[in-house]
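Next comes structure07.txt, with compact mmCIF, C-alpha atoms.
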```
# COMPACT_ATOMS: atom_id res chain seq x y z
CA MET K 1 -21.63 9.66 171.21
CA VAL K 2 -20.88 13.33 171.62
CA ALA K 3 -17.21 14.17 171.54
CA ARG K 4 -15.96 16.34 174.37
CA VAL K 5 -13.26 18.93 173.95
CA GLN K 6 -10.62 18.62 176.67
CA PRO K 7 -9.77 21.96 178.35
CA ASP K 8 -6.28 23.37 178.43
CA ARG K 9 -4.04 21.78 181.04
CA LYS K 10 -3.45 25.08 182.84
CA GLN K 11 -7.20 25.56 183.29
CA LEU K 12 -7.86 22.04 184.66
CA PRO K 13 -8.06 22.97 188.38
CA LEU K 14 -10.60 25.72 187.66
CA VAL K 15 -12.61 23.58 185.24
CA LEU K 16 -12.57 20.66 187.65
CA LEU K 17 -13.76 22.87 190.48
CA ARG K 18 -16.66 24.15 188.38
CA LEU K 19 -17.60 20.62 187.30
CA LEU K 20 -17.60 19.41 190.87
CA CYS K 21 -19.81 22.33 191.88
CA LEU K 22 -22.32 21.41 189.21
CA LEU K 23 -22.64 17.84 190.52
CA PRO K 24 -25.76 17.14 192.68
CA THR K 25 -25.30 18.38 196.23
CA GLY K 26 -25.78 16.19 199.24
CA LEU K 27 -24.54 15.96 202.75
CA PRO K 28 -21.25 17.76 203.34
CA VAL K 29 -18.14 15.72 202.76
CA ARG K 30 -16.65 14.98 206.12
CA SER K 31 -13.46 13.20 205.12
CA VAL K 32 -11.93 11.34 202.23
CA ASP K 33 -9.86 8.12 202.41
CA PHE K 34 -7.66 7.55 199.36
CA ASN K 35 -6.46 4.00 199.52
CA ARG K 36 -2.76 4.01 198.56
CA GLY K 37 -3.26 7.59 197.44
CA THR K 38 0.37 8.54 197.77
CA ASP K 39 1.84 5.18 196.77
CA ASN K 40 3.31 4.11 193.48
CA ILE K 41 1.32 1.39 191.78
CA THR K 42 3.35 -0.99 189.65
CA VAL K 43 1.60 -3.00 186.93
CA ARG K 44 2.95 -5.25 184.22
CA GLN K 45 2.27 -4.36 180.61
CA GLY K 46 -0.98 -5.96 179.47
CA ASP K 47 -2.42 -6.38 182.97
CA THR K 48 -5.26 -4.39 184.59
CA ALA K 49 -4.51 -1.49 186.93
CA ILE K 50 -6.98 -0.37 189.60
CA LEU K 51 -6.41 3.05 191.19
CA ARG K 52 -8.34 3.10 194.47
CA CYS K 53 -10.38 6.06 195.66
CA VAL K 54 -12.86 5.65 198.55
CA VAL K 55 -14.94 8.37 200.27
CA GLU K 56 -16.97 8.27 203.45
CA ASP K 57 -20.11 9.80 201.99
CA LYS K 58 -21.92 8.48 198.94
CA ASN K 59 -22.95 12.00 197.94
CA SER K 60 -19.38 13.26 197.63
CA LYS K 61 -18.43 14.98 194.41
CA VAL K 62 -15.45 13.10 192.96
CA ALA K 63 -13.45 13.27 189.74
CA TRP K 64 -10.43 11.56 188.15
CA LEU K 65 -7.89 13.26 185.91
CA ASN K 66 -4.38 12.67 184.61
CA ARG K 67 -1.78 14.63 182.68
CA SER K 68 -3.91 14.44 179.53
CA GLY K 69 -7.11 15.81 181.00
CA ILE K 70 -10.28 14.84 182.82
CA ILE K 71 -11.10 11.13 182.80
CA PHE K 72 -14.29 11.06 184.89
CA ALA K 73 -16.31 13.83 186.54
CA GLY K 74 -18.77 12.10 188.81
CA HIS K 75 -20.18 9.28 186.68
CA ASP K 76 -19.75 11.28 183.49
CA LYS K 77 -16.94 9.80 181.41
CA TRP K 78 -14.81 12.35 179.59
CA SER K 79 -12.13 10.01 178.32
CA LEU K 80 -12.68 8.35 174.93
CA ASP K 81 -10.43 5.41 175.89
CA PRO K 82 -12.60 2.26 176.04
CA ARG K 83 -10.11 0.59 178.38
CA VAL K 84 -10.90 3.04 181.21
CA GLU K 85 -13.87 2.44 183.51
CA LEU K 86 -15.03 3.21 187.04
CA GLU K 87 -14.64 0.47 189.63
CA LYS K 88 -17.50 0.60 192.16
CA ARG K 89 -17.69 -2.47 194.34
CA HIS K 90 -19.73 -0.47 196.86
CA SER K 91 -21.40 2.96 197.00
CA LEU K 92 -18.42 4.72 198.58
CA GLU K 93 -15.85 3.50 196.08
CA TYR K 94 -14.79 5.65 193.17
CA SER K 95 -11.82 3.70 191.82
CA LEU K 96 -10.43 3.86 188.30
CA ARG K 97 -9.81 0.66 186.33
CA ILE K 98 -7.48 0.65 183.30
CA GLN K 99 -7.42 -2.56 181.27
CA LYS K 100 -4.53 -3.78 179.14
CA VAL K 101 -2.13 -1.24 180.56
CA ASP K 102 0.60 0.01 178.23
CA VAL K 103 3.67 2.18 178.68
CA TYR K 104 1.86 5.36 177.58
CA ASP K 105 -0.50 4.93 180.56
CA GLU K 106 2.38 5.52 182.97
CA GLY K 107 2.21 8.75 184.94
CA SER K 108 0.43 10.62 187.69
CA TYR K 109 -3.34 10.23 188.30
CA THR K 110 -5.37 12.49 190.60
CA CYS K 111 -8.52 11.68 192.53
CA SER K 112 -10.21 14.96 193.54
CA VAL K 113 -13.06 15.48 195.99
CA GLN K 114 -15.05 18.71 196.43
CA THR K 115 -15.55 19.79 200.03
CA GLN K 116 -17.51 22.77 201.39
CA HIS K 117 -14.48 25.03 201.20
CA GLU K 118 -11.93 23.70 198.71
CA PRO K 119 -11.12 20.61 196.69
CA LYS K 120 -9.04 17.88 198.27
CA THR K 121 -6.81 15.91 195.96
CA SER K 122 -4.57 12.90 196.24
CA GLN K 123 -2.18 11.58 193.60
CA VAL K 124 -1.02 8.11 192.69
CA TYR K 125 1.77 7.36 190.22
CA LEU K 126 1.24 4.44 187.87
CA ILE K 127 4.43 2.56 186.89
CA VAL K 128 4.20 0.20 183.94
CA GLN K 129 6.70 -2.63 183.81
CA VAL K 130 7.56 -4.32 180.51
CA PRO K 131 8.94 -7.86 180.20
CA PRO K 132 12.36 -8.13 178.51
CA LYS K 133 12.33 -8.56 174.76
CA ILE K 134 15.37 -8.97 172.52
CA SER K 135 14.82 -6.59 169.63
CA ASN K 136 18.06 -7.03 167.69
CA ILE K 137 20.70 -9.76 167.65
CA SER K 138 23.57 -10.57 165.30
CA SER K 139 23.00 -13.06 162.50
CA ASP K 140 25.00 -16.28 162.31
CA VAL K 141 28.56 -15.46 161.28
CA THR K 142 31.50 -17.31 159.68
CA VAL K 143 35.07 -16.03 160.22
CA ASN K 144 38.64 -17.26 159.79
CA GLU K 145 40.64 -18.29 162.83
CA GLY K 146 42.48 -15.33 164.34
CA SER K 147 39.87 -12.75 163.32
CA ASN K 148 38.13 -10.35 165.71
CA VAL K 149 34.41 -10.93 166.21
CA THR K 150 31.75 -8.60 167.66
CA LEU K 151 28.30 -9.93 168.53
CA VAL K 152 25.38 -7.57 169.23
CA CYS K 153 22.31 -8.19 171.37
CA MET K 154 19.86 -5.37 172.13
CA ALA K 155 16.74 -5.64 174.26
CA ASN K 156 13.84 -3.52 175.47
CA GLY K 157 12.05 -3.66 178.81
CA ARG K 158 11.16 -1.71 181.93
CA PRO K 159 13.21 -1.83 184.06
CA GLU K 160 15.99 -1.94 181.52
CA PRO K 161 17.02 -5.58 181.01
CA VAL K 162 20.40 -6.91 182.05
CA ILE K 163 22.13 -8.68 179.14
CA THR K 164 24.47 -11.62 179.65
CA TRP K 165 26.31 -13.81 177.12
CA ARG K 166 27.10 -17.52 177.41
CA HIS K 167 29.14 -19.81 175.16
CA LEU K 168 27.17 -23.03 174.83
CA THR K 169 29.99 -25.46 175.55
CA PRO K 170 29.87 -28.47 177.91
CA THR K 171 30.93 -26.11 180.73
CA GLY K 172 28.41 -23.46 179.63
CA ARG K 173 30.02 -20.71 181.66
CA GLU K 174 28.79 -17.14 181.40
CA LEU K 175 31.16 -14.69 179.78
CA GLU K 176 32.44 -11.76 181.76
CA GLY K 177 30.55 -8.48 181.59
CA GLU K 178 26.95 -7.49 181.06
CA GLU K 179 27.04 -5.67 177.78
CA GLU K 180 25.06 -5.47 174.58
CA TYR K 181 28.28 -6.06 172.63
CA LEU K 182 30.41 -9.19 172.98
CA GLU K 183 33.92 -8.83 171.55
CA ILE K 184 36.13 -11.86 170.85
CA LEU K 185 39.68 -10.93 169.92
CA GLY K 186 41.73 -13.40 167.84
CA ILE K 187 39.05 -16.08 167.84
CA THR K 188 40.22 -19.70 167.94
CA ARG K 189 38.62 -22.88 166.67
CA GLU K 190 37.73 -23.82 170.26
CA GLN K 191 35.61 -20.67 170.48
CA SER K 192 33.34 -21.68 167.62
CA GLY K 193 29.77 -22.79 168.33
CA LYS K 194 26.59 -21.21 169.63
CA TYR K 195 26.49 -18.10 171.81
CA GLU K 196 23.41 -17.39 173.91
CA CYS K 197 22.19 -13.89 174.71
CA LYS K 198 19.87 -13.57 177.70
CA ALA K 199 17.93 -10.42 178.53
CA ALA K 200 16.42 -10.41 182.02
CA ASN K 201 14.62 -8.09 184.39
CA GLU K 202 12.39 -8.56 187.42
CA VAL K 203 9.12 -8.51 185.49
CA SER K 204 9.03 -11.99 183.95
CA SER K 205 11.21 -14.79 182.65
CA ALA K 206 14.22 -13.88 180.52
CA ASP K 207 14.17 -13.62 176.74
CA VAL K 208 16.85 -15.83 175.15
CA LYS K 209 18.24 -15.98 171.60
CA GLN K 210 21.29 -17.66 170.03
CA VAL K 211 23.98 -16.81 167.48
CA LYS K 212 26.08 -19.45 165.71
CA VAL K 213 29.75 -18.61 165.13
CA THR K 214 31.65 -20.78 162.63
CA VAL K 215 35.45 -20.56 162.69
CA ASN K 216 37.32 -21.63 159.55
CA TYR K 217 40.83 -23.09 159.94
CA PRO K 218 43.31 -25.08 157.80
CA PRO K 219 43.59 -28.88 157.98
CA THR K 220 45.56 -30.68 160.67
CA ILE K 221 46.24 -34.43 160.48
CA THR K 222 44.85 -35.89 163.69
CA GLU K 223 45.53 -39.58 163.02
CA SER K 224 47.32 -41.71 160.42
CA LYS K 225 47.54 -45.49 160.60
CA SER K 226 50.13 -47.57 158.79
CA ASN K 227 49.41 -51.27 158.34
CA GLU K 228 50.97 -54.64 157.60
CA ALA K 229 49.59 -57.37 155.40
CA THR K 230 50.51 -60.64 153.79
CA THR K 231 50.35 -61.14 150.05
CA GLY K 232 46.97 -62.16 148.73
CA ARG K 233 45.12 -60.51 151.59
CA LYS K 234 43.16 -57.23 151.95
CA ALA K 235 44.77 -54.21 153.68
CA SER K 236 43.82 -50.60 154.43
CA LEU K 237 45.61 -47.36 155.30
CA LYS K 238 43.63 -44.71 157.21
CA CYS K 239 44.02 -40.95 157.55
CA GLU K 240 41.98 -38.44 159.61
CA ALA K 241 42.13 -34.63 159.54
CA SER K 242 40.41 -31.75 161.35
CA ALA K 243 39.48 -28.64 159.32
CA VAL K 244 36.69 -26.16 158.59
CA PRO K 245 35.52 -26.27 155.86
CA ALA K 246 35.88 -30.06 155.76
CA PRO K 247 39.05 -31.08 153.87
CA ASP K 248 39.37 -32.87 150.53
CA PHE K 249 41.66 -35.93 150.54
CA GLU K 250 44.13 -37.23 147.97
CA TRP K 251 46.45 -40.26 148.07
CA TYR K 252 49.90 -40.53 146.48
CA ARG K 253 52.46 -43.30 145.91
CA ASP K 254 55.80 -41.56 145.51
CA ASP K 255 54.83 -38.61 143.27
CA THR K 256 51.96 -40.35 141.53
CA ARG K 257 48.38 -39.67 142.55
CA ILE K 258 46.33 -42.79 143.26
CA ASN K 259 42.81 -43.27 141.95
CA SER K 260 40.21 -45.94 142.74
CA ALA K 261 41.25 -48.50 140.11
CA ASN K 262 43.33 -51.64 139.60
CA GLY K 263 42.50 -53.17 142.96
CA LEU K 264 42.79 -49.87 144.88
CA GLU K 265 39.75 -48.23 146.50
CA ILE K 266 39.64 -44.74 148.10
CA LYS K 267 36.77 -43.78 150.41
CA SER K 268 36.56 -40.29 151.91
CA THR K 269 33.97 -38.87 154.29
CA GLU K 270 33.96 -35.64 156.28
CA GLY K 271 37.25 -35.61 158.15
CA GLN K 272 38.60 -39.05 157.25
CA SER K 273 39.82 -41.11 154.28
CA SER K 274 40.99 -44.67 153.68
CA LEU K 275 43.01 -46.41 150.95
CA THR K 276 42.18 -50.11 150.57
CA VAL K 277 44.19 -52.69 148.62
CA THR K 278 41.84 -55.54 147.81
CA ASN K 279 44.59 -58.08 146.94
CA VAL K 280 48.06 -57.26 148.23
CA THR K 281 51.04 -58.10 146.03
CA GLU K 282 54.74 -57.39 146.38
CA GLU K 283 54.30 -54.17 144.38
CA HIS K 284 51.93 -52.71 146.97
CA TYR K 285 54.42 -52.64 149.84
CA GLY K 286 56.06 -49.30 150.54
CA ASN K 287 55.37 -45.63 151.40
CA TYR K 288 52.11 -43.76 150.76
CA THR K 289 51.13 -40.10 151.33
CA CYS K 290 47.74 -38.82 152.52
CA VAL K 291 47.06 -35.18 151.57
CA ALA K 292 44.26 -33.09 153.21
CA ALA K 293 43.40 -29.63 151.84
CA ASN K 294 40.82 -26.86 152.03
CA ASN K 295 40.83 -23.23 150.89
CA LEU K 296 42.94 -22.21 153.91
CA GLY K 297 45.80 -24.68 153.64
CA VAL K 298 47.27 -28.11 152.85
CA THR K 299 48.85 -30.77 155.06
CA ASN K 300 49.99 -34.37 154.58
CA ALA K 301 51.10 -37.50 156.41
CA SER K 302 53.26 -40.49 155.36
CA LEU K 303 52.02 -44.03 155.88
CA VAL K 304 53.65 -47.39 155.21
CA LEU K 305 52.22 -50.71 154.09
CA PHE K 306 54.54 -53.33 155.60
CA LYS K 307 54.96 -56.92 154.55
CA ARG K 308 53.91 -59.26 157.27
CA VAL K 309 56.43 -62.04 157.96
CA LEU K 310 54.83 -65.23 159.22
CA PRO K 311 56.67 -66.69 162.23
CA THR K 312 58.37 -70.17 161.87
CA ILE K 313 57.26 -72.98 164.18
CA PRO K 314 60.26 -74.54 166.07
CA HIS K 315 60.58 -78.39 166.46
CA PRO K 316 59.37 -79.63 169.82
CA ILE K 317 62.08 -80.73 172.31
CA GLN K 318 61.56 -84.31 173.57
CA GLU K 319 62.21 -84.77 177.25
CA ILE K 320 64.37 -87.77 178.05
CA GLY K 321 64.10 -89.61 181.38
CA THR K 322 66.99 -91.21 183.30
CA THR K 323 68.32 -94.06 181.19
CA VAL K 324 71.19 -96.49 181.31
CA HIS K 325 72.73 -97.10 177.90
CA PHE K 326 73.95 -100.57 176.81
CA LYS K 327 75.81 -101.54 173.69
CA GLN K 328 74.08 -104.86 173.25
CA LYS K 329 70.50 -105.71 172.64
CA GLY K 330 68.66 -107.77 175.15
CA PRO K 331 65.38 -108.31 176.86
CA GLY K 332 63.94 -105.17 178.37
CA SER K 333 66.18 -102.92 176.31
CA VAL K 334 64.93 -99.97 174.25
CA ARG K 335 66.49 -97.94 171.45
CA GLY K 336 67.64 -94.45 172.49
CA ILE K 337 67.24 -91.23 170.57
CA ASN K 338 70.75 -91.55 169.09
CA GLY K 339 70.09 -95.08 167.97
CA SER K 340 71.86 -96.84 170.89
CA ILE K 341 70.23 -99.47 172.99
CA SER K 342 69.16 -98.27 176.39
CA LEU K 343 67.42 -99.74 179.38
CA ALA K 344 65.26 -97.59 181.56
CA VAL K 345 66.12 -98.28 185.23
CA PRO K 346 64.24 -96.72 188.12
CA LEU K 347 66.37 -94.60 190.42
CA TRP K 348 65.19 -96.39 193.55
CA LEU K 349 66.41 -99.70 192.19
CA LEU K 350 69.89 -98.28 191.54
CA ALA K 351 70.00 -96.82 195.07
CA ALA K 352 68.97 -100.18 196.61
CA SER K 353 71.66 -102.03 194.64
CA LEU K 354 74.35 -99.56 195.70
CA LEU K 355 73.31 -99.91 199.36
CA CYS K 356 73.43 -103.66 199.14
CA LEU K 357 76.97 -103.62 197.74
CA LEU K 358 78.17 -101.33 200.52
CA SER K 359 76.63 -103.53 203.24
CA LYS K 360 77.87 -106.72 201.50
CA CYS K 361 74.47 -108.23 201.38
```

Write out the structure in this file as structure tokens.
Amino acid sequence: MVARVQPDRKQLPLVLLRLLCLLPTGLPVRSVDFNRGTDNITVRQGDTAILRCVVEDKNSKVAWLNRSGIIFAGHDKWSLDPRVELEKRHSLEYSLRIQKVDVYDEGSYTCSVQTQHEPKTSQVYLIVQVPPKISNISSDVTVNEGSNVTLVCMANGRPEPVITWRHLTPTGRELEGEEEYLEILGITREQSGKYECKAANEVSSADVKQVKVTVNYPPTITESKSNEATTGRKASLKCEASAVPAPDFEWYRDDTRINSANGLEIKSTEGQSSLTVTNVTEEHYGNYTCVAANNLGVTNASLVLFKRVLPTIPHPIQEIGTTVHFKQKGPGSVRGINGSISLAVPLWLLAASLLCLLSKC
């Protein structure tokens, strides 16, 4: 392949005119139709752009050039770019095809036709759109509660992407403003978690990345449970605390620290701790202290192991029916609760006897 030296930009019209004059002559060019000749053509980065140029006579002398120089003069290719080719679906078409379009292809392109008197030209401007791409975002960060935090998210794209931030909470609401920088003043523990940066434009789907913000804060006792137990049984005291980093737990009886020994067992996991007495005795009843601590602070809670008092069962009360008490024993008599002899008499029989006496039966 013979390399061609591109002429100076100022001399392009003259050079182009001479080149067109050297092309084989034919019938005079009557008219030229440049399809979308004055329109902007918008193409996404990586796609193929076709710049249309159609003439009415197949013998017309046509050339393509851009800001860098001559691309084609007739069928003679001057450009060394392998992505550029002529598009000829029929004999009157002289379109330019650019494959895998990139941002440096953007600009003005000219299709020029030589007539009998002077060249006719028509320009088309190629616009290259670029999908949004986040190029720089803050790393995961750990801060203490009350600090100021600034998160950064930068993105490239054409048109310029719009950046929005969202705190990934159950509500997931977008934060106010569309800025590359997200400032959080006096951050609280509720503002910890993941923050999502979204860069969007009209070219394609948005580019999304996340930043994790960890907020350290001192322990706070969230729950403490006293308990009651009977002697000889098992009993537990429980203590829960919220903190970042996770707190360490200690247990005290009065001023003495308790260890897992002599029938006492301490189990601590992230955020909670329990003290278990495997066999409660009289010595175990009383006050205990749960202490939660991390490098930002210490807190404690008092718990009590009560002695459970078993309820007493009262004697059942015996219901006594209507009885007539007699001092002597006799047939049909029964012994009352107080030891006296009593005879159970139905009420109807007493009423009948009383009625008989009144009527002198």

### Task
Please write as a ChimeraX atom specification the list of polymer residues whose atoms come within 8 Å of (52.1, -54.6, 159.2), counting all atoms listed in the file and keeping to the coordinates of the file.
/K:226-229,305-308

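Residues lying within 8 Å of Arg158 of chain K, counting only C-alpha atoms and ignoring same-chain neighbours fewer than 6 positions away, are Val128, Gln129, Val130, Pro131, Pro132, Asn201 and Val203 of chain K.
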
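Atom pair atom CA of Gly186 of chain K / atom CA of Val215 of chain K has a distance of 10.8 Å (rounded to one decimal).
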
### Task
With a distance cut-off of 12 Å and only C-alpha atoms, select the neighbouring residues of segment 262-273 of chain K, excluding the residue or stretch itself and same-chain residues fewer than 2 positions from it, and output the selection as an NGL selection string.
:K and (219-225 or 232-253 or 257-260 or 275-281 or 283-284 or 289-294)

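In terms of minimum interatomic distance to Glu202 of chain K, K:Glu160 ranks closest within K:Glu145, K:Glu160, K:Glu174, K:Glu179, counting all atoms listed in the file.
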
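Proximity of K:Asn136, K:Thr42, K:Ser95, K:Asn66 to Gly107 of chain K, computed with only C-alpha atoms, is greatest for K:Asn66.
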
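Nearest to Gly157 of chain K of all the residues K:Ser274, K:Ser204, K:Ser138, K:Thr171 is K:Ser204, based on only C-alpha atoms.
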
#### Entry: Glu93 of chain K environment, 8 Å, only C-alpha atoms, sequence neighbours closer than 2 positions dropped, as a count of residues only
10

### Task
Could you tell me how far atom CA of Leu185 of chain K lies from atom CA of Val143 of chain K, in Å and to one decimal?
11.9 Å

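In this structure, atom CA of Val103 of chain K sits 19.4 Å away from atom CA of Trp64 of chain K.
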
### Query
So which one's closest to Leu126 of chain K, K:Ala73, K:Ile163, K:Cys111, K:Ala49? Using all atoms listed in the file, please.
K:Ala49

### Message
If we count all atoms listed in the file and set the cut-off at 8 Å, which residues sit around Ser112 of chain K, ignoring sequence neighbours fewer than 2 positions away in its own chain? Please answer as a list of chain:residue names.
### Response
K:Val62, K:Ala63, K:Trp64, K:Thr110, K:Gln114, K:Pro119, K:Lys120, K:Thr121, K:Ser122

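For the choices K:Tyr285, K:Phe72, K:Trp78, K:Tyr217, the atom-to-atom distance to Leu96 of chain K is smallest for K:Phe72 when using all atoms listed in the file.
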
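Minimum atom-to-atom distances from K:Ala199, K:Val113, K:Val298, K:Val213 to Pro159 of chain K were compared using only C-alpha atoms, and the lowest value belongs to K:Ala199.
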
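Residues lying at most 7 Å from (27.1, -13.3, 166.8) in file coordinates, with all atoms listed in the file considered, are K:Ser138, K:Ser139, K:Asp140, K:Val141, K:Thr150, K:Leu151, K:Val152, K:Tyr195, K:Val211, K:Lys212, K:Val213.
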
### Query
Using only C-alpha atoms, which residues sit within 6 Å of Leu65 of chain K once same-chain residues fewer than 4 positions away are excluded, as a list in words?
Gly69, Ile70, Ile71, Tyr109 and Thr110 of chain K

How about completing segment 271-285 of chain K with N, CA, C and O atoms and giving it to me as a short mmCIF file (atom, residue, chain, number, x, y, z; two decimals), in the frame of the given file?
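Result file is selection.cif:
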```
data_model
loop_
_atom_site.label_atom_id
_atom_site.label_comp_id
_atom_site.auth_asym_id
_atom_site.auth_seq_id
_atom_site.Cartn_x
_atom_site.Cartn_y
_atom_site.Cartn_z
N GLY K 271 36.22 -35.50 157.13
CA GLY K 271 37.25 -35.61 158.15
C GLY K 271 38.08 -36.87 158.14
O GLY K 271 39.03 -36.97 158.92
N GLN K 272 37.79 -37.84 157.27
CA GLN K 272 38.60 -39.05 157.25
C GLN K 272 38.59 -39.68 155.86
O GLN K 272 37.66 -39.48 155.08
N SER K 273 39.67 -40.46 155.59
CA SER K 273 39.82 -41.11 154.28
C SER K 273 40.57 -42.42 154.48
O SER K 273 41.39 -42.56 155.41
N SER K 274 40.30 -43.39 153.61
CA SER K 274 40.99 -44.67 153.68
C SER K 274 41.36 -45.12 152.27
O SER K 274 40.65 -44.86 151.29
N LEU K 275 42.53 -45.79 152.19
CA LEU K 275 43.01 -46.41 150.95
C LEU K 275 43.04 -47.91 151.19
O LEU K 275 43.75 -48.39 152.08
N THR K 276 42.28 -48.67 150.38
CA THR K 276 42.18 -50.11 150.57
C THR K 276 42.76 -50.84 149.36
O THR K 276 42.43 -50.52 148.20
N VAL K 277 43.64 -51.80 149.65
CA VAL K 277 44.19 -52.69 148.62
C VAL K 277 43.44 -54.00 148.74
O VAL K 277 43.52 -54.67 149.77
N THR K 278 42.70 -54.36 147.71
CA THR K 278 41.84 -55.54 147.81
C THR K 278 42.62 -56.84 147.76
O THR K 278 42.22 -57.84 148.35
N ASN K 279 43.78 -56.86 147.05
CA ASN K 279 44.59 -58.08 146.94
C ASN K 279 46.06 -57.66 146.93
O ASN K 279 46.60 -57.25 145.90
N VAL K 280 46.70 -57.77 148.08
CA VAL K 280 48.06 -57.26 148.23
C VAL K 280 49.05 -58.12 147.45
O VAL K 280 49.04 -59.36 147.55
N THR K 281 49.92 -57.45 146.70
CA THR K 281 51.04 -58.10 146.03
C THR K 281 52.33 -57.42 146.47
O THR K 281 52.30 -56.43 147.21
N GLU K 282 53.45 -57.95 146.00
CA GLU K 282 54.74 -57.39 146.38
C GLU K 282 54.87 -55.92 145.95
O GLU K 282 55.53 -55.13 146.60
N GLU K 283 54.20 -55.55 144.88
CA GLU K 283 54.30 -54.17 144.38
C GLU K 283 53.61 -53.16 145.28
O GLU K 283 53.89 -51.96 145.21
N HIS K 284 52.70 -53.64 146.13
CA HIS K 284 51.93 -52.71 146.97
C HIS K 284 52.67 -52.29 148.23
O HIS K 284 52.28 -51.31 148.88
N TYR K 285 53.71 -53.00 148.62
CA TYR K 285 54.42 -52.64 149.84
C TYR K 285 55.23 -51.36 149.61
O TYR K 285 55.80 -51.15 148.54
#
```
